[in-house]
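Undergrad: Dropping the structure in here first, questions after.
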Amino acid sequence: MEAIFGFINAVTGWIWGIPILVLLVGGGLILTVVIGGIQFFRFGFIMKNTAGTMFDKEEQARKKALGVSPFQAVTAALGSTIGTGNIAGVGAAIATGGPGALLWMWICGLVAMAIKFSEVTMSVRYRQKNPKGEGYLAGPFMYMRDGLHCKPLAYCFTFMSLLTLCTIGGVHSGAIADNLAPVGVSRLLTCVVVVAIVVAVMLGGMKRLVNITDKMVPMMSALYVVCAVIIVGANIGRVGEALREIFIGAFTGQAAIGGFTGVAVASTIRFGLARGVFSNDAGLGLQATIHAQAAGIDHPAQQGMWAVFETFFDTIVICSLTGFMIIFSGVWQTGEAGSTLSSLAFESVLGSAGRYLCLFCLTLFAISSIISNSQGLRIQATAATNSRLAVNVLLVIFVIMIIGGCLTDMASVFVLTDFGNGIVIFLNVPSLILLSGELRRLTREWFGNNGDLKAIEAKRAAGEK
């Protein structure tokens with residue numbers, strides 16, 4: 001068994017090196033061309049029709065009356081995307097790759113917008129009403145099966161995706177327990193509370209999840225953003241120096257681990273891109289299944305715009321603020337472990353209260369990821385197996401892994417998570433590229449008519465004649 005895990009670990013290390021970065025960045029650039037670079041050229045239109053509608057109470061009420069609204073779907077997706085990687089992961093990237101890693105995270109986020117837009121648009125395009133319950137059968141399984149008409153590919157993808165989803169809960173629960181233990185919270189208490197929350201959400205299904213995340217995600221995000229802005233503001237005098245460190249470091253390489261040890265520019269690029277990938281989950285397809293649960297979607301590309309907003313907020317806003325805190329405050333030069341740098345930045349301005357605020361944010365981020373991932377597991381398992389028994393068995397395994405993550409060291413098991421995620425991306429991104437024809441048609445139809453449904457319907461009717 002040790003030899004098997006050793007082999008898997010070696011393969012995983014190789015996959016998550018240059019190959020995965022080439023696939024994601026290269027695939028993202030290809031999909032950017034396919035969709036006409038809408039994340040750049042139509043960014044204003046996208047923000048106006050996503051973030052700009054959040055405070056339109058009449059529109060939100062109309063969408064909610066139909067079921068899960070597009071905004072609720074994106075908060076559930078953000079609940080899964082915004083996790084410990086946005087706090088500890090960014091620090092790790094800067095500690096190992098230097099401030100320049102932040103620039104490569106931004107680049108990764110920009111191409112990831114194309115991947116996430118494509119995933120969600122295709123997921124909505126090929127979704128079907130769930131004949132045995134609420135919501136829709138959606139996600140990569142559906143567009144691989146019905147779009148590419150390749151069942152073996154769809155089932156292979158889903159098997160690897162379910163494998164990783166079953167174990168990912170333990171990764172996040174372990175992070176919660178590890179961070180609360182030093183302040184006196186027992187691992188058993190953490191386990192009981194986290195499991196109780198997750199089971200309660202599981203029993204309530206998608207509606208209970210979105211009723212929680214559409215309040216929890218804005219609240220935790222706002223708290224983190226406010227704290228980050230205060231810390232950056234307190235160090236605003238270093239803005240010029242910090243920006244030079246970011247932009248010059250991106251092409252020269254400079255790391256802090258080991259006390260200012262130099263790092264090659266290739267490592268700066270690798271750590272920045274890799275951390276960006278881990279942060280926004282581009283290519284995994286999980287958020288595509290959650291986005292597609294929105295009932296009030298008028299066009300597949302309409303929800304695809306929310307995926308662009310999701311990636312922008314996760315990588316460009318949250319990760320940037322974390323990076324700015326660490327770089328502006330100078331804590332990245334202390335030689336401390338990357339996972340602690342955000343906490344040190346909080347403490348440098350807010351004192352001991354800052355440590356607990358950072359810990360509180362990290363805990364909320366991790367819990368939101370766990371509950372959203374549990375629903376993603378349910379949706380993908382339902383689409384692939386159409387068996388309530390199989391779905392329930394997988395959910396039980398998910399809970400067991402959460403318990404294991406809280407109470408034991410499961411590092412060797414978590415290698416399976418990284419391995420599975422790597423395989424999933426290698427199957428999913430090429431599938432999206434193969435669906436370029438339909439993706440391009442839907443993108444042009446929506447943006448070419450500026451989201452005017454009447455114009456779209458009229459052109460479709462004229463084309464049928």
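Please note that chains go A, B, ... in the order of the structure tokens, that every chain numbers its residues from 1, and that ligands are numbered from 1 in the order shown.
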Can you pull out every residue within 12 Å of Ile230 of chain A, counting only C-alpha atoms, but drop anything in the same chain fewer than 5 positions away, and send it as number ranges by chain?
TA: A: 223-225, 235-236, 321-322, 324-325, 328-329, 345-350, 354
Undergrad: Write out as a short mmCIF file (atom, residue, chain, number, x, y, z; two decimals) with C-alpha atoms, in the first residue's frame each polymer residue whose atoms come within 12 Å of Cys156 of chain A, counting only C-alpha atoms; drop sequence neighbours fewer than 5 positions from it.
TA:
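And here's part_10.cif as it stands now:
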```
data_model
loop_
_atom_site.label_atom_id
_atom_site.label_comp_id
_atom_site.auth_asym_id
_atom_site.auth_seq_id
_atom_site.Cartn_x
_atom_site.Cartn_y
_atom_site.Cartn_z
CA PRO A 140 -19.49 18.20 -17.00
CA PHE A 141 -21.13 14.76 -16.91
CA MET A 144 -19.74 15.20 -22.00
CA ARG A 145 -22.59 12.69 -22.33
CA CYS A 150 -19.18 10.17 -25.10
CA LYS A 151 -20.49 8.19 -22.12
CA SER A 161 -14.63 13.91 -9.51
CA LEU A 162 -16.65 11.97 -6.92
CA LEU A 163 -13.43 10.50 -5.54
CA ALA A 384 -24.24 9.84 -13.00
CA GLY A 420 -8.21 13.14 -8.81
CA ILE A 423 -7.21 13.93 -13.88
CA VAL A 424 -10.52 15.81 -13.79
CA ILE A 425 -8.93 18.91 -15.32
CA PHE A 426 -7.20 16.87 -18.02
CA LEU A 427 -10.59 15.46 -19.02
CA ASN A 428 -12.70 18.58 -18.64
#
```
Undergrad: Run DSSP on the backbone of this structure and report the residues of segment 8-254 of chain A it assigns to strand (DSSP E or B), as a compact mmCIF listing (two decimals) with N, CA, C and O atoms, in the first residue's frame.
TA:
```
# COMPACT_ATOMS: atom_id res chain seq x y z
N GLN A 128 -30.75 19.04 -17.42
CA GLN A 128 -32.09 18.45 -17.51
C GLN A 128 -32.72 18.49 -16.13
O GLN A 128 -32.03 18.37 -15.11
N LYS A 129 -34.04 18.63 -16.08
CA LYS A 129 -34.74 18.60 -14.80
C LYS A 129 -34.50 17.25 -14.13
O LYS A 129 -34.51 16.21 -14.78
N TYR A 136 -31.66 20.39 -11.02
CA TYR A 136 -31.32 19.92 -12.36
C TYR A 136 -30.14 18.93 -12.32
O TYR A 136 -29.28 19.01 -11.45
N LEU A 137 -30.13 18.03 -13.30
CA LEU A 137 -28.95 17.20 -13.56
C LEU A 137 -28.06 18.05 -14.45
O LEU A 137 -28.47 18.45 -15.54
```
Undergrad: So which residues touch Thr50 of chain A within 9 Å, counting only C-alpha atoms, skipping near sequence neighbours fewer than 5 positions away, as a PyMOL selection string?
TA: chain A and resi 45+70-71+302-303+305-306+309
Undergrad: Could you tell me which of A:Asp418, A:Glu438, A:Glu336, A:Glu241 comes closest to Tyr143 of chain A if we count only C-alpha atoms?
TA: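 So, comparing all the options, the nearest one is A:Glu438.
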Undergrad: Which of these residues is nearest to Val111 of chain A, using only C-alpha atoms: A:Val171, A:Phe312, A:Leu435, A:Leu153?
TA: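 Ranked by minimum distance to Val111 of chain A, first place goes to A:Phe312.
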Undergrad: Mind pulling up the distance from atom CA of Gly147 of chain A to atom CA of Ala73 of chain A?
TA: 22.9 Å
Undergrad: Per residue of segment 66-106 of chain A within 10 Å of segment 285-291 of chain A, which atom pair is closest and at what distance in Å (one decimal), using only C-alpha atoms, listed by chain and increasing number, as a Markdown table?
TA:
```
| residue | atom | partner | partner_atom | distance |
| --- | --- | --- | --- | --- |
| A:Val68 | CA | A:His291 | CA | 9.7 |
| A:Ser69 | CA | A:His291 | CA | 9.5 |
| A:Pro70 | CA | A:His291 | CA | 7.2 |
| A:Phe71 | CA | A:His291 | CA | 9.1 |
| A:Gln72 | CA | A:His291 | CA | 8.8 |
| A:Ala73 | CA | A:His291 | CA | 5.0 |
| A:Val74 | CA | A:His291 | CA | 6.0 |
| A:Thr75 | CA | A:His291 | CA | 9.1 |
| A:Ala76 | CA | A:Ile290 | CA | 7.0 |
| A:Ala77 | CA | A:Gln287 | CA | 5.1 |
| A:Leu78 | CA | A:Gln287 | CA | 8.1 |
| A:Gly79 | CA | A:Gln287 | CA | 9.6 |
| A:Ser80 | CA | A:Gln287 | CA | 7.4 |
| A:Thr81 | CA | A:Gln287 | CA | 7.7 |
```
Undergrad: Write out as a tab-separated table a residue-level contact list of segment 100-143 of chain A versus segment 386-408 of chain A with cut-off 10 Å: for each qualifying residue the closest pair of atoms and the distance in Å to one decimal, counting only C-alpha atoms, rows sorted by chain and residue number upward.
TA:
```
residue	atom	partner	partner_atom	distance
A:Asn130	CA	A:Asn386	CA	9.2
A:Pro131	CA	A:Asn386	CA	9.2
A:Lys132	CA	A:Asn386	CA	8.2
A:Gly133	CA	A:Arg388	CA	9.9
A:Leu137	CA	A:Asn386	CA	9.5
```
Undergrad: Go ahead and write the selection's residues with N, CA, C and O atoms as a compact mmCIF listing (two decimals), in the first residue's frame.
TA:
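Final output, saved to out.txt:
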```txt
# COMPACT_ATOMS: atom_id res chain seq x y z
N ASN A 130 -34.29 17.29 -12.84
CA ASN A 130 -34.10 16.06 -12.08
C ASN A 130 -35.45 15.34 -11.93
O ASN A 130 -36.35 15.86 -11.26
N PRO A 131 -35.62 14.18 -12.54
CA PRO A 131 -36.92 13.50 -12.48
C PRO A 131 -37.26 12.94 -11.11
O PRO A 131 -38.41 12.61 -10.84
N LYS A 132 -36.25 12.86 -10.22
CA LYS A 132 -36.48 12.24 -8.91
C LYS A 132 -36.33 13.21 -7.74
O LYS A 132 -36.24 12.80 -6.59
N GLY A 133 -36.35 14.48 -8.03
CA GLY A 133 -36.20 15.43 -6.93
C GLY A 133 -36.06 16.85 -7.44
O GLY A 133 -36.40 17.17 -8.58
N LEU A 137 -30.13 18.03 -13.30
CA LEU A 137 -28.95 17.20 -13.56
C LEU A 137 -28.06 18.05 -14.45
O LEU A 137 -28.47 18.45 -15.54
```
Undergrad: Find the distance between atom CA of Ile246 of chain A and atom CA of Leu103 of chain A and write it in Å to one decimal.
TA: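 If I compute the distance from atom CA of Ile246 of chain A to atom CA of Leu103 of chain A, I get 6.4 Å.
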Undergrad: Using only C-alpha atoms for the distances, tell me which of A:Ile4, A:Val34, A:Val199, A:Val90 is nearest to Trp106 of chain A.
TA: A:Val90
Undergrad: Which residues come within 10 Å of Phe247 of chain A, counting only C-alpha atoms, excluding same-chain residues fewer than 6 positions away, as a list in words?
TA: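 Everything that qualifies: Pro99, Gly100, Ala101, Leu102, Leu103 and Trp104 of chain A.
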Undergrad: Would you write out those residues with all heavy atoms, as a PDB file, in the first residue's frame?
TA:
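Resulting contents of out_25.pdb:
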```pdb
ATOM      1  N   PRO A  99       6.724  38.289  -4.037  1.00  0.00           N
ATOM      2  CA  PRO A  99       5.586  39.153  -4.368  1.00  0.00           C
ATOM      3  C   PRO A  99       5.156  39.039  -5.822  1.00  0.00           C
ATOM      4  O   PRO A  99       3.983  39.221  -6.151  1.00  0.00           O
ATOM      5  CB  PRO A  99       6.116  40.562  -4.059  1.00  0.00           C
ATOM      6  CG  PRO A  99       7.169  40.340  -3.038  1.00  0.00           C
ATOM      7  CD  PRO A  99       7.836  39.049  -3.429  1.00  0.00           C
ATOM      8  N   GLY A 100       6.098  38.731  -6.717  1.00  0.00           N
ATOM      9  CA  GLY A 100       5.766  38.612  -8.141  1.00  0.00           C
ATOM     10  C   GLY A 100       4.760  37.522  -8.435  1.00  0.00           C
ATOM     11  O   GLY A 100       4.088  37.552  -9.476  1.00  0.00           O
ATOM     12  N   ALA A 101       4.623  36.551  -7.519  1.00  0.00           N
ATOM     13  CA  ALA A 101       3.653  35.477  -7.724  1.00  0.00           C
ATOM     14  C   ALA A 101       2.239  36.031  -7.835  1.00  0.00           C
ATOM     15  O   ALA A 101       1.381  35.454  -8.504  1.00  0.00           O
ATOM     16  CB  ALA A 101       3.733  34.470  -6.579  1.00  0.00           C
ATOM     17  N   LEU A 102       1.988  37.181  -7.183  1.00  0.00           N
ATOM     18  CA  LEU A 102       0.654  37.772  -7.217  1.00  0.00           C
ATOM     19  C   LEU A 102       0.265  38.181  -8.633  1.00  0.00           C
ATOM     20  O   LEU A 102      -0.888  38.012  -9.043  1.00  0.00           O
ATOM     21  CB  LEU A 102       0.587  38.983  -6.278  1.00  0.00           C
ATOM     22  CG  LEU A 102      -0.801  39.595  -6.048  1.00  0.00           C
ATOM     23  CD1 LEU A 102      -1.744  38.579  -5.417  1.00  0.00           C
ATOM     24  CD2 LEU A 102      -0.684  40.832  -5.143  1.00  0.00           C
ATOM     25  N   LEU A 103       1.224  38.728  -9.394  1.00  0.00           N
ATOM     26  CA  LEU A 103       0.937  39.110 -10.780  1.00  0.00           C
ATOM     27  C   LEU A 103       0.534  37.891 -11.601  1.00  0.00           C
ATOM     28  O   LEU A 103      -0.416  37.963 -12.398  1.00  0.00           O
ATOM     29  CB  LEU A 103       2.155  39.781 -11.410  1.00  0.00           C
ATOM     30  CG  LEU A 103       2.008  40.154 -12.895  1.00  0.00           C
ATOM     31  CD1 LEU A 103       0.910  41.186 -13.077  1.00  0.00           C
ATOM     32  CD2 LEU A 103       3.327  40.674 -13.458  1.00  0.00           C
ATOM     33  N   TRP A 104       1.214  36.765 -11.393  1.00  0.00           N
ATOM     34  CA  TRP A 104       0.875  35.556 -12.151  1.00  0.00           C
ATOM     35  C   TRP A 104      -0.454  34.959 -11.700  1.00  0.00           C
ATOM     36  O   TRP A 104      -1.136  34.307 -12.490  1.00  0.00           O
ATOM     37  CB  TRP A 104       2.014  34.555 -12.043  1.00  0.00           C
ATOM     38  CG  TRP A 104       3.259  35.070 -12.703  1.00  0.00           C
ATOM     39  CD1 TRP A 104       4.379  35.542 -12.107  1.00  0.00           C
ATOM     40  CD2 TRP A 104       3.465  35.234 -14.111  1.00  0.00           C
ATOM     41  NE1 TRP A 104       5.286  35.982 -13.044  1.00  0.00           N
ATOM     42  CE2 TRP A 104       4.756  35.803 -14.288  1.00  0.00           C
ATOM     43  CE3 TRP A 104       2.689  34.959 -15.238  1.00  0.00           C
ATOM     44  CZ2 TRP A 104       5.276  36.095 -15.546  1.00  0.00           C
ATOM     45  CZ3 TRP A 104       3.218  35.256 -16.492  1.00  0.00           C
ATOM     46  CH2 TRP A 104       4.496  35.810 -16.635  1.00  0.00           C
TER      47      TRP A 104
END
```
Undergrad: Give me, as a PyMOL selection string, the residues of segment 294-429 of chain A that a backbone DSSP run labels alpha helix (DSSP H).
TA: chain A and resi 300-311+320-329+341-350+352-385+388-407+411-429
Undergrad: Excluding segment 10-20 of chain A and residues on its chain fewer than 4 positions from it, collect all residues at most 8 Å away from it, counting only C-alpha atoms, and give them as a ChimeraX atom specification.
TA: /A:6,24,270,274,415,418-419,422,425-426
Undergrad: Write the residues of the selection above to a file with N, CA and C atoms, as a PDB file, in the first residue's frame.
TA:
```
ATOM      1  N   GLY A   6       3.011   5.977  -2.786  1.00  0.00           N
ATOM      2  CA  GLY A   6       4.224   6.638  -3.242  1.00  0.00           C
ATOM      3  C   GLY A   6       4.168   6.925  -4.731  1.00  0.00           C
ATOM      4  N   LEU A  24      -4.126  24.450 -18.326  1.00  0.00           N
ATOM      5  CA  LEU A  24      -5.079  25.458 -17.878  1.00  0.00           C
ATOM      6  C   LEU A  24      -4.855  26.813 -18.542  1.00  0.00           C
ATOM      7  N   ARG A 270       5.480  29.635 -11.654  1.00  0.00           N
ATOM      8  CA  ARG A 270       4.788  28.391 -11.326  1.00  0.00           C
ATOM      9  C   ARG A 270       3.927  28.524 -10.078  1.00  0.00           C
ATOM     10  N   ALA A 274      -0.071  28.346 -10.119  1.00  0.00           N
ATOM     11  CA  ALA A 274      -0.643  27.211  -9.402  1.00  0.00           C
ATOM     12  C   ALA A 274      -1.580  27.676  -8.303  1.00  0.00           C
ATOM     13  N   VAL A 415      -3.708  12.923  -0.767  1.00  0.00           N
ATOM     14  CA  VAL A 415      -2.999  12.865  -2.046  1.00  0.00           C
ATOM     15  C   VAL A 415      -3.968  12.463  -3.144  1.00  0.00           C
ATOM     16  N   ASP A 418      -5.711  15.576  -4.722  1.00  0.00           N
ATOM     17  CA  ASP A 418      -4.913  16.281  -5.731  1.00  0.00           C
ATOM     18  C   ASP A 418      -4.785  15.448  -7.006  1.00  0.00           C
ATOM     19  N   PHE A 419      -4.615  14.146  -6.844  1.00  0.00           N
ATOM     20  CA  PHE A 419      -4.500  13.258  -8.001  1.00  0.00           C
ATOM     21  C   PHE A 419      -5.791  13.299  -8.815  1.00  0.00           C
ATOM     22  N   GLY A 422      -6.374  16.572 -10.665  1.00  0.00           N
ATOM     23  CA  GLY A 422      -5.541  16.683 -11.859  1.00  0.00           C
ATOM     24  C   GLY A 422      -6.131  15.942 -13.037  1.00  0.00           C
ATOM     25  N   ILE A 425      -9.241  17.774 -14.458  1.00  0.00           N
ATOM     26  CA  ILE A 425      -8.927  18.915 -15.319  1.00  0.00           C
ATOM     27  C   ILE A 425      -8.461  18.455 -16.694  1.00  0.00           C
ATOM     28  N   PHE A 426      -7.678  17.390 -16.740  1.00  0.00           N
ATOM     29  CA  PHE A 426      -7.198  16.870 -18.022  1.00  0.00           C
ATOM     30  C   PHE A 426      -8.335  16.326 -18.883  1.00  0.00           C
TER      31      PHE A 426
END
```
Undergrad: Given the choices A:Thr167, A:Gln380, A:Ser374, A:Asn86, which gets closest to Val317 of chain A if the distance is worked out from only C-alpha atoms?
TA: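 Smallest distance to Val317 of chain A is found for A:Asn86.
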Undergrad: My list of candidates is A:Leu148, A:Ala282, A:Leu21, A:Ile107. Which is closest to Leu434 of chain A when distances are computed with only C-alpha atoms?
TA: A:Leu148
Undergrad: Can you work out the spacing between atom CA of Leu442 of chain A and atom CA of Leu284 of chain A in Å, to one decimal?
TA: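 Between atom CA of Leu442 of chain A and atom CA of Leu284 of chain A the gap works out to 21.5 Å.
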Undergrad: Taking only C-alpha atoms into account, name the residue in A:Asp452, A:Gly204, A:Leu416, A:Val229 that is nearest to Ser320 of chain A.
TA: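 Of all the options, A:Val229 lies closest to Ser320 of chain A.
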Undergrad: Determine, counting only C-alpha atoms, which protein, DNA and RNA residues have an atom within 9 Å of an atom of Cys361 of chain A; residues of the same chain fewer than 4 positions away are not included. Present the result as a list in words.
TA: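 Result of the neighbour search: Ile87, Met220, Ser221, Leu223, Tyr224, Tyr356, Leu357, Phe365 and Ala366 of chain A.
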